[in-house]
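Listing of run00.txt; format and content: compact mmCIF, C-alpha atoms and all ligand atoms.
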```
# COMPACT_ATOMS: atom_id res chain seq x y z
CA MET A 76 0.00 0.00 0.00
CA THR A 77 2.77 2.42 0.99
CA MET A 78 4.51 1.47 -2.25
CA MET A 79 1.40 2.37 -4.27
CA ILE A 80 0.93 5.73 -2.55
CA ALA A 81 4.61 6.51 -2.99
CA SER A 82 4.40 5.57 -6.70
CA PHE A 83 1.38 7.82 -7.21
CA LEU A 84 3.05 10.77 -5.48
CA ILE A 85 6.33 10.35 -7.38
CA GLY A 86 4.43 10.12 -10.68
CA ALA A 87 2.26 13.15 -9.94
CA CYS A 88 5.22 15.29 -8.80
CA LEU A 89 7.31 14.33 -11.84
CA ALA A 90 4.33 15.16 -14.10
CA SER A 91 4.00 18.54 -12.44
CA PHE A 92 7.71 19.15 -13.03
CA VAL A 93 7.51 18.02 -16.66
CA THR A 94 4.54 20.32 -17.41
CA VAL A 95 6.68 23.24 -16.26
CA LEU A 96 9.58 22.01 -18.44
CA ALA A 97 7.28 21.71 -21.45
CA GLN A 98 6.36 25.38 -21.26
CA PRO A 99 8.35 27.60 -23.56
CA MET A 100 11.08 29.83 -22.13
CA THR A 101 10.79 28.62 -18.56
CA SER A 102 13.84 28.52 -16.41
CA LEU A 103 14.03 25.60 -14.00
CA TRP A 104 14.97 27.90 -11.19
CA ARG A 105 12.09 30.28 -11.64
CA ARG A 106 8.78 29.69 -9.89
CA SER A 107 5.77 28.50 -11.85
CA VAL A 108 3.72 31.36 -13.19
CA CYS A 109 0.05 32.05 -13.91
CA ASP A 110 -0.89 31.21 -17.52
CA GLY A 111 -3.03 34.35 -17.62
CA CYS A 112 -0.79 37.15 -16.40
CA GLY A 113 2.62 35.52 -15.86
CA ARG A 114 2.85 36.39 -12.17
CA PRO A 115 4.45 33.77 -9.88
CA LEU A 116 2.05 31.26 -8.29
CA LYS A 117 1.64 30.87 -4.53
CA TRP A 118 2.84 27.62 -2.92
CA PHE A 119 -0.70 26.27 -2.45
CA GLN A 120 -1.39 26.73 -6.17
CA MET A 121 1.51 24.44 -7.06
CA ILE A 122 0.59 21.22 -5.21
CA PRO A 123 0.38 18.45 -7.82
CA VAL A 124 -3.12 16.96 -8.34
CA LEU A 125 -4.73 18.77 -5.38
CA SER A 126 -4.31 22.32 -6.68
CA SER A 127 -5.91 21.56 -10.02
CA TRP A 128 -8.80 19.32 -8.93
CA LEU A 129 -9.82 20.56 -5.50
CA LEU A 130 -8.68 24.13 -5.08
CA ARG A 131 -9.00 25.34 -8.67
CA ASN A 132 -7.79 28.71 -7.44
CA ARG A 133 -8.37 31.63 -9.64
CA CYS A 134 -5.37 33.93 -9.88
CA HIS A 135 -6.23 36.92 -7.72
CA HIS A 136 -4.49 39.27 -10.13
CA CYS A 137 -6.17 38.38 -13.41
CA ASN A 138 -8.91 35.93 -12.33
CA HIS A 139 -7.46 33.26 -14.65
CA ARG A 140 -8.38 29.69 -13.73
CA PRO A 141 -5.58 27.15 -14.32
CA SER A 142 -6.26 24.59 -17.08
CA LEU A 143 -7.74 21.26 -16.01
CA LEU A 144 -5.17 19.66 -18.32
CA TYR A 145 -2.55 19.96 -15.53
CA GLY A 146 -4.67 18.08 -12.99
CA PHE A 147 -5.56 15.48 -15.60
CA VAL A 148 -1.94 14.93 -16.64
CA GLU A 149 -0.69 14.74 -13.02
CA THR A 150 -3.40 12.28 -11.97
CA LEU A 151 -2.96 10.12 -15.08
CA THR A 152 0.82 9.96 -14.62
CA GLY A 153 0.38 9.07 -10.92
CA LEU A 154 -1.98 6.22 -11.87
CA MET A 155 0.39 5.03 -14.61
CA PHE A 156 3.22 4.87 -12.05
CA VAL A 157 0.99 2.87 -9.66
CA LEU A 158 -0.03 0.38 -12.38
CA THR A 159 3.55 0.03 -13.62
CA ALA A 160 4.80 -0.60 -10.07
CA SER A 161 2.09 -3.22 -9.50
CA VAL A 162 3.14 -5.15 -12.64
CA LEU A 163 6.93 -4.84 -12.70
CA PRO A 164 9.26 -5.92 -9.91
CA LEU A 165 11.16 -3.22 -8.06
CA GLY A 166 14.44 -2.67 -9.91
CA TRP A 167 15.80 -1.75 -13.32
CA PRO A 168 12.77 -2.72 -15.46
CA LEU A 169 10.50 -0.55 -13.28
CA LEU A 170 12.93 2.37 -13.28
CA ILE A 171 13.42 2.24 -17.06
CA THR A 172 9.65 2.05 -17.69
CA ASP A 173 9.03 5.01 -15.36
CA ILE A 174 11.66 7.04 -17.24
CA PHE A 175 9.89 6.02 -20.47
CA ILE A 176 6.65 7.48 -19.05
CA VAL A 177 8.34 10.76 -18.05
CA ILE A 178 10.08 11.30 -21.42
CA GLY A 179 6.83 10.25 -23.14
CA LEU A 180 4.91 12.85 -21.15
CA HIS A 181 7.29 15.61 -22.24
CA ILE A 182 6.99 14.54 -25.89
CA SER A 183 3.18 14.35 -25.59
CA LEU A 184 2.79 17.79 -24.02
CA TRP A 185 5.09 19.32 -26.58
CA ASP A 186 3.29 17.63 -29.49
CA TRP A 187 -0.09 18.67 -28.03
CA ARG A 188 0.92 22.33 -27.83
CA TRP A 189 3.16 22.79 -30.85
CA ARG A 190 2.37 19.70 -32.95
CA GLN A 191 6.01 18.73 -33.19
CA ILE A 192 8.32 16.34 -31.41
CA PRO A 193 11.59 17.74 -29.99
CA ILE A 194 14.61 15.99 -31.52
CA ASN A 195 16.36 15.92 -28.09
CA ASP A 196 13.49 13.91 -26.69
CA LEU A 197 13.68 11.43 -29.55
CA ALA A 198 17.42 11.01 -28.93
CA LEU A 199 16.81 10.53 -25.20
CA LEU A 200 14.06 7.97 -25.82
CA GLY A 201 16.26 6.23 -28.41
CA GLY A 202 19.06 5.91 -25.83
CA LEU A 203 16.67 4.55 -23.21
CA THR A 204 15.32 2.08 -25.77
CA ILE A 205 18.82 0.77 -26.54
CA LEU A 206 19.43 0.34 -22.78
CA HIS A 207 16.13 -1.52 -22.45
CA LEU A 208 16.97 -3.83 -25.39
CA MET A 209 20.46 -4.53 -24.03
CA MET A 210 19.08 -5.48 -20.60
CA LYS A 211 16.49 -7.77 -22.13
CA GLY A 212 19.08 -9.15 -24.57
CA ARG A 213 16.58 -8.62 -27.35
CA PHE A 214 16.87 -7.66 -31.01
CA PRO A 215 14.30 -5.00 -32.06
CA VAL A 216 12.34 -7.24 -34.47
CA SER A 217 9.15 -5.22 -33.86
CA SER A 218 10.91 -2.03 -34.96
CA LEU A 219 11.86 -3.64 -38.27
CA ILE A 220 8.28 -4.84 -38.79
CA MET A 221 6.94 -1.36 -37.93
CA ALA A 222 9.41 0.34 -40.30
CA GLY A 223 8.38 -2.08 -43.05
CA LEU A 224 4.70 -1.44 -42.35
CA LEU A 225 5.19 2.34 -42.52
CA PHE A 226 7.15 2.04 -45.75
CA PHE A 227 4.40 -0.14 -47.24
CA LEU A 228 1.68 2.36 -46.19
CA CYS A 229 3.74 5.17 -47.65
CA VAL A 230 4.01 3.36 -51.00
CA ILE A 231 0.22 2.79 -51.08
CA TRP A 232 -0.37 6.47 -50.33
CA ARG A 233 2.06 7.48 -53.06
CA VAL A 234 0.29 5.25 -55.56
CA ARG A 235 -2.98 6.94 -54.66
CA GLY A 236 -1.26 10.30 -55.09
CA ARG A 237 -1.78 11.63 -51.58
CA PRO A 238 0.74 12.98 -49.07
CA PHE A 239 1.43 10.61 -46.17
CA PRO A 240 -0.53 11.77 -43.11
CA LEU A 241 2.23 11.10 -40.55
CA ALA A 242 4.93 13.68 -39.88
CA SER A 243 8.57 12.54 -39.76
CA GLY A 244 8.68 12.77 -35.93
CA ASP A 245 5.75 10.35 -35.71
CA TRP A 246 7.58 7.92 -38.02
CA VAL A 247 10.66 7.87 -35.83
CA LEU A 248 8.60 7.66 -32.65
CA LEU A 249 6.60 4.68 -33.97
CA VAL A 250 9.78 2.81 -34.92
CA ILE A 251 11.44 3.56 -31.55
CA THR A 252 8.43 2.65 -29.41
CA ALA A 253 7.86 -0.57 -31.38
CA ALA A 254 11.22 -1.79 -30.00
CA TRP A 255 9.56 -2.00 -26.56
CA LEU A 256 6.95 -4.46 -27.81
CA GLN A 257 7.08 -8.14 -28.73
CA PRO A 258 6.13 -8.77 -32.39
CA GLU A 259 2.99 -10.67 -31.31
CA THR A 260 1.76 -7.59 -29.41
CA LEU A 261 1.87 -5.40 -32.54
CA PRO A 262 -1.71 -6.12 -33.75
CA ALA A 263 -3.10 -5.19 -30.30
CA PHE A 264 -0.85 -2.12 -30.27
CA LEU A 265 -2.13 -0.94 -33.66
CA SER A 266 -5.78 -1.42 -32.62
CA ILE A 267 -5.32 0.53 -29.37
CA LEU A 268 -3.36 3.18 -31.27
CA GLY A 269 -6.22 3.57 -33.76
CA GLY A 270 -8.75 4.06 -30.95
CA LEU A 271 -6.59 6.52 -29.00
CA GLY A 272 -5.66 8.41 -32.18
CA LEU A 273 -9.32 8.89 -33.03
CA LEU A 274 -10.08 10.01 -29.47
CA SER A 275 -7.27 12.58 -29.44
CA ALA A 276 -8.26 13.85 -32.90
CA ILE A 277 -11.81 14.48 -31.63
CA LEU A 278 -10.58 16.10 -28.39
CA TYR A 279 -8.04 18.24 -30.23
CA GLN A 280 -10.47 19.51 -32.84
CA LYS A 281 -12.84 20.56 -30.06
CA HIS A 282 -10.19 22.94 -28.71
CA TYR A 283 -8.23 24.00 -31.76
CA SER A 284 -9.66 24.47 -35.21
CA THR A 285 -6.99 22.77 -37.31
CA PRO A 286 -7.17 19.72 -39.56
CA PHE A 287 -4.06 18.30 -37.85
CA PHE A 288 -3.84 16.62 -34.51
CA PRO A 289 -0.95 15.45 -32.32
CA PHE A 290 -0.30 11.73 -32.71
CA ALA A 291 2.55 11.29 -30.20
CA PRO A 292 0.33 11.10 -27.05
CA ALA A 293 -1.64 8.22 -28.64
CA ILE A 294 1.56 6.40 -29.72
CA LEU A 295 3.15 6.65 -26.28
CA LEU A 296 0.01 5.76 -24.31
CA ALA A 297 -0.68 2.75 -26.56
CA THR A 298 2.92 1.56 -26.08
CA TRP A 299 2.64 1.86 -22.31
CA ILE A 300 -0.71 0.00 -22.27
CA CYS A 301 0.85 -2.87 -24.26
CA LEU A 302 3.87 -2.92 -21.92
CA VAL A 303 1.85 -3.16 -18.73
CA PHE A 304 -1.25 -5.21 -19.66
ZN ZN A 401 -2.89 35.64 -13.29
```
Output the file's structure in the form of structure tokens.
Amino acid sequence: MTMMIASFLIGACLASFVTVLAQPMTSLWRRSVCDGCGRPLKWFQMIPVLSSWLLRNRCHHCNHRPSLLYGFVETLTGLMFVLTASVLPLGWPLLITDIFIVIGLHISLWDWRWRQIPINDLALLGGLTILHLMMKGRFPVSSLIMAGLLFFLCVIWRVRGRPFPLASGDWVLLVITAAWLQPETLPAFLSILGGLGLLSAILYQKHYSTPFFPFAPAILLATWICLVF
């Protein structure tokens, strides 16, 4: 029980930290600021999970209410840490999977806001993936299958004379994350990915009027689901 509570708190705090990192032009050593007016937040407005769900403080300068996205992201990450800790034994596999979640969160937030994936994050995730493969003593067969699948799709699209709907960052991310999965999990992964992709497209178009939508959150969440369940 203590382990679960600790996992939730660690996950939620890391998520809170990552949301600050994913904001443009923030210095790590500066306090979090109000999204409305940019004034520093008070300590009780910065408690992960609680501040967003329960307090929902309006800023007393500009009356801006913080986005529910923060509370959602912190709670979700906390729950992901709990589930991961309940499946994986304490040790390297758990640590590496938790780092995967944290890097994935940064990529997701960035893709959600700016619809692009930072190259540094891809390099970091690539390094972590190599570490994971080396520890498991596994060759990334799934990555090769995924790369082949993407190439095949691309050829079909070309034949039909349409531009391929995935951006280059999504390509790389799909090939990297596939390395975490066993080949037999790929069909399940693609089904879950389809569902999550549709969901995020609907959610995104509700908020932003653009024909594009960020695909990275769906890719990373689907990978994690296949890793844990
Ligand atoms: Zn404010």
If you measure from atom CA of Pro286 of chain A to atom CA of Ser266 of chain A, what distance in Å do you get, rounded to one decimal?
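According to the coordinates, atom CA of Pro286 of chain A and atom CA of Ser266 of chain A are separated by 22.3 Å.
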Any residue with an atom at most 12 Å from ligand ZN 401 (chain A) counts, using all atoms listed in the file. Which are they? Put them as a list in words.
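Those residues are Ser107, Val108, Cys109, Asp110, Gly111, Cys112, Gly113, Arg114, Pro115, Leu116, Lys117, Gln120, Asn132, Arg133, Cys134, His135, His136, Cys137, Asn138, His139, Arg140 and Pro141 of chain A.
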Between A:Pro123, A:Met79, A:Ser218, A:Met210, which is the closest to Gly166 of chain A once you count all atoms listed in the file?
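Counting all atoms listed in the file, the residue closest to Gly166 of chain A is A:Met210.
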Find the spatial neighbours of Pro262 of chain A, counting only C-alpha atoms, within a cut-off of 12 Å - ignore same-chain residues fewer than 6 positions away - and output them as a VMD selection string.
chain A and resid 217 220 to 221 224 253 256 268 to 269 297 to 298 301
Could you tell me which of A:Leu169, A:Ala90, A:Val157, A:Leu265 comes closest to Ile294 of chain A if we count all atoms listed in the file?
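Using all atoms listed in the file, Ile294 of chain A sits closest to A:Leu265.
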Starting from the structure just given, write a file holding segment 272-301 of chain A with N, CA and C atoms, as a PDB file, in the first residue's frame.
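Ended up saving to result24.pdb:
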```
ATOM      1  N   GLY A 272      -5.893   7.370 -31.176  1.00  0.00           N
ATOM      2  CA  GLY A 272      -5.659   8.412 -32.179  1.00  0.00           C
ATOM      3  C   GLY A 272      -6.952   9.124 -32.534  1.00  0.00           C
ATOM      4  N   LEU A 273      -8.005   8.332 -32.706  1.00  0.00           N
ATOM      5  CA  LEU A 273      -9.325   8.890 -33.029  1.00  0.00           C
ATOM      6  C   LEU A 273      -9.804   9.786 -31.887  1.00  0.00           C
ATOM      7  N   LEU A 274      -9.643   9.259 -30.653  1.00  0.00           N
ATOM      8  CA  LEU A 274     -10.079  10.008 -29.474  1.00  0.00           C
ATOM      9  C   LEU A 274      -9.346  11.348 -29.384  1.00  0.00           C
ATOM     10  N   SER A 275      -8.018  11.327 -29.585  1.00  0.00           N
ATOM     11  CA  SER A 275      -7.272  12.580 -29.441  1.00  0.00           C
ATOM     12  C   SER A 275      -7.577  13.534 -30.591  1.00  0.00           C
ATOM     13  N   ALA A 276      -7.887  12.973 -31.786  1.00  0.00           N
ATOM     14  CA  ALA A 276      -8.262  13.847 -32.896  1.00  0.00           C
ATOM     15  C   ALA A 276      -9.555  14.585 -32.570  1.00  0.00           C
ATOM     16  N   ILE A 277     -10.528  13.864 -31.982  1.00  0.00           N
ATOM     17  CA  ILE A 277     -11.814  14.479 -31.633  1.00  0.00           C
ATOM     18  C   ILE A 277     -11.608  15.542 -30.554  1.00  0.00           C
ATOM     19  N   LEU A 278     -10.837  15.167 -29.485  1.00  0.00           N
ATOM     20  CA  LEU A 278     -10.581  16.101 -28.388  1.00  0.00           C
ATOM     21  C   LEU A 278      -9.863  17.354 -28.884  1.00  0.00           C
ATOM     22  N   TYR A 279      -8.874  17.122 -29.770  1.00  0.00           N
ATOM     23  CA  TYR A 279      -8.044  18.236 -30.230  1.00  0.00           C
ATOM     24  C   TYR A 279      -8.856  19.207 -31.084  1.00  0.00           C
ATOM     25  N   GLN A 280      -9.704  18.635 -31.946  1.00  0.00           N
ATOM     26  CA  GLN A 280     -10.470  19.508 -32.837  1.00  0.00           C
ATOM     27  C   GLN A 280     -11.538  20.301 -32.087  1.00  0.00           C
ATOM     28  N   LYS A 281     -11.901  19.822 -30.887  1.00  0.00           N
ATOM     29  CA  LYS A 281     -12.836  20.563 -30.056  1.00  0.00           C
ATOM     30  C   LYS A 281     -12.203  21.870 -29.577  1.00  0.00           C
ATOM     31  N   HIS A 282     -10.881  21.796 -29.297  1.00  0.00           N
ATOM     32  CA  HIS A 282     -10.186  22.945 -28.711  1.00  0.00           C
ATOM     33  C   HIS A 282      -9.538  23.844 -29.747  1.00  0.00           C
ATOM     34  N   TYR A 283      -8.972  23.218 -30.778  1.00  0.00           N
ATOM     35  CA  TYR A 283      -8.233  23.996 -31.760  1.00  0.00           C
ATOM     36  C   TYR A 283      -8.823  23.703 -33.127  1.00  0.00           C
ATOM     37  N   SER A 284      -9.085  24.725 -33.893  1.00  0.00           N
ATOM     38  CA  SER A 284      -9.657  24.466 -35.209  1.00  0.00           C
ATOM     39  C   SER A 284      -8.532  24.298 -36.227  1.00  0.00           C
ATOM     40  N   THR A 285      -8.033  23.090 -36.349  1.00  0.00           N
ATOM     41  CA  THR A 285      -6.989  22.769 -37.311  1.00  0.00           C
ATOM     42  C   THR A 285      -7.241  21.351 -37.804  1.00  0.00           C
ATOM     43  N   PRO A 286      -6.944  21.067 -39.058  1.00  0.00           N
ATOM     44  CA  PRO A 286      -7.171  19.720 -39.563  1.00  0.00           C
ATOM     45  C   PRO A 286      -6.144  18.722 -39.026  1.00  0.00           C
ATOM     46  N   PHE A 287      -5.088  19.202 -38.376  1.00  0.00           N
ATOM     47  CA  PHE A 287      -4.058  18.301 -37.852  1.00  0.00           C
ATOM     48  C   PHE A 287      -4.369  17.955 -36.409  1.00  0.00           C
ATOM     49  N   PHE A 288      -3.749  16.910 -35.946  1.00  0.00           N
ATOM     50  CA  PHE A 288      -3.840  16.625 -34.514  1.00  0.00           C
ATOM     51  C   PHE A 288      -2.555  15.927 -34.089  1.00  0.00           C
ATOM     52  N   PRO A 289      -2.189  16.068 -32.797  1.00  0.00           N
ATOM     53  CA  PRO A 289      -0.946  15.455 -32.321  1.00  0.00           C
ATOM     54  C   PRO A 289      -1.122  13.951 -32.165  1.00  0.00           C
ATOM     55  N   PHE A 290      -0.189  13.184 -32.725  1.00  0.00           N
ATOM     56  CA  PHE A 290      -0.305  11.728 -32.709  1.00  0.00           C
ATOM     57  C   PHE A 290       0.560  11.105 -31.611  1.00  0.00           C
ATOM     58  N   ALA A 291       1.599  11.852 -31.170  1.00  0.00           N
ATOM     59  CA  ALA A 291       2.549  11.291 -30.196  1.00  0.00           C
ATOM     60  C   ALA A 291       1.885  10.817 -28.898  1.00  0.00           C
ATOM     61  N   PRO A 292       0.927  11.593 -28.297  1.00  0.00           N
ATOM     62  CA  PRO A 292       0.328  11.098 -27.049  1.00  0.00           C
ATOM     63  C   PRO A 292      -0.307   9.722 -27.237  1.00  0.00           C
ATOM     64  N   ALA A 293      -0.998   9.513 -28.377  1.00  0.00           N
ATOM     65  CA  ALA A 293      -1.641   8.222 -28.642  1.00  0.00           C
ATOM     66  C   ALA A 293      -0.593   7.117 -28.792  1.00  0.00           C
ATOM     67  N   ILE A 294       0.504   7.407 -29.516  1.00  0.00           N
ATOM     68  CA  ILE A 294       1.556   6.396 -29.725  1.00  0.00           C
ATOM     69  C   ILE A 294       2.138   5.954 -28.382  1.00  0.00           C
ATOM     70  N   LEU A 295       2.469   6.960 -27.529  1.00  0.00           N
ATOM     71  CA  LEU A 295       3.146   6.646 -26.277  1.00  0.00           C
ATOM     72  C   LEU A 295       2.223   5.944 -25.289  1.00  0.00           C
ATOM     73  N   LEU A 296       0.965   6.391 -25.228  1.00  0.00           N
ATOM     74  CA  LEU A 296       0.014   5.764 -24.309  1.00  0.00           C
ATOM     75  C   LEU A 296      -0.266   4.324 -24.748  1.00  0.00           C
ATOM     76  N   ALA A 297      -0.422   4.109 -26.055  1.00  0.00           N
ATOM     77  CA  ALA A 297      -0.680   2.753 -26.556  1.00  0.00           C
ATOM     78  C   ALA A 297       0.509   1.838 -26.243  1.00  0.00           C
ATOM     79  N   THR A 298       1.737   2.364 -26.393  1.00  0.00           N
ATOM     80  CA  THR A 298       2.922   1.559 -26.079  1.00  0.00           C
ATOM     81  C   THR A 298       2.914   1.157 -24.618  1.00  0.00           C
ATOM     82  N   TRP A 299       2.636   2.141 -23.743  1.00  0.00           N
ATOM     83  CA  TRP A 299       2.639   1.857 -22.307  1.00  0.00           C
ATOM     84  C   TRP A 299       1.581   0.822 -21.959  1.00  0.00           C
ATOM     85  N   ILE A 300       0.374   0.956 -22.531  1.00  0.00           N
ATOM     86  CA  ILE A 300      -0.706   0.005 -22.273  1.00  0.00           C
ATOM     87  C   ILE A 300      -0.252  -1.410 -22.645  1.00  0.00           C
ATOM     88  N   CYS A 301       0.389  -1.547 -23.815  1.00  0.00           N
ATOM     89  CA  CYS A 301       0.851  -2.870 -24.256  1.00  0.00           C
ATOM     90  C   CYS A 301       1.987  -3.396 -23.383  1.00  0.00           C
TER      91      CYS A 301
END
```
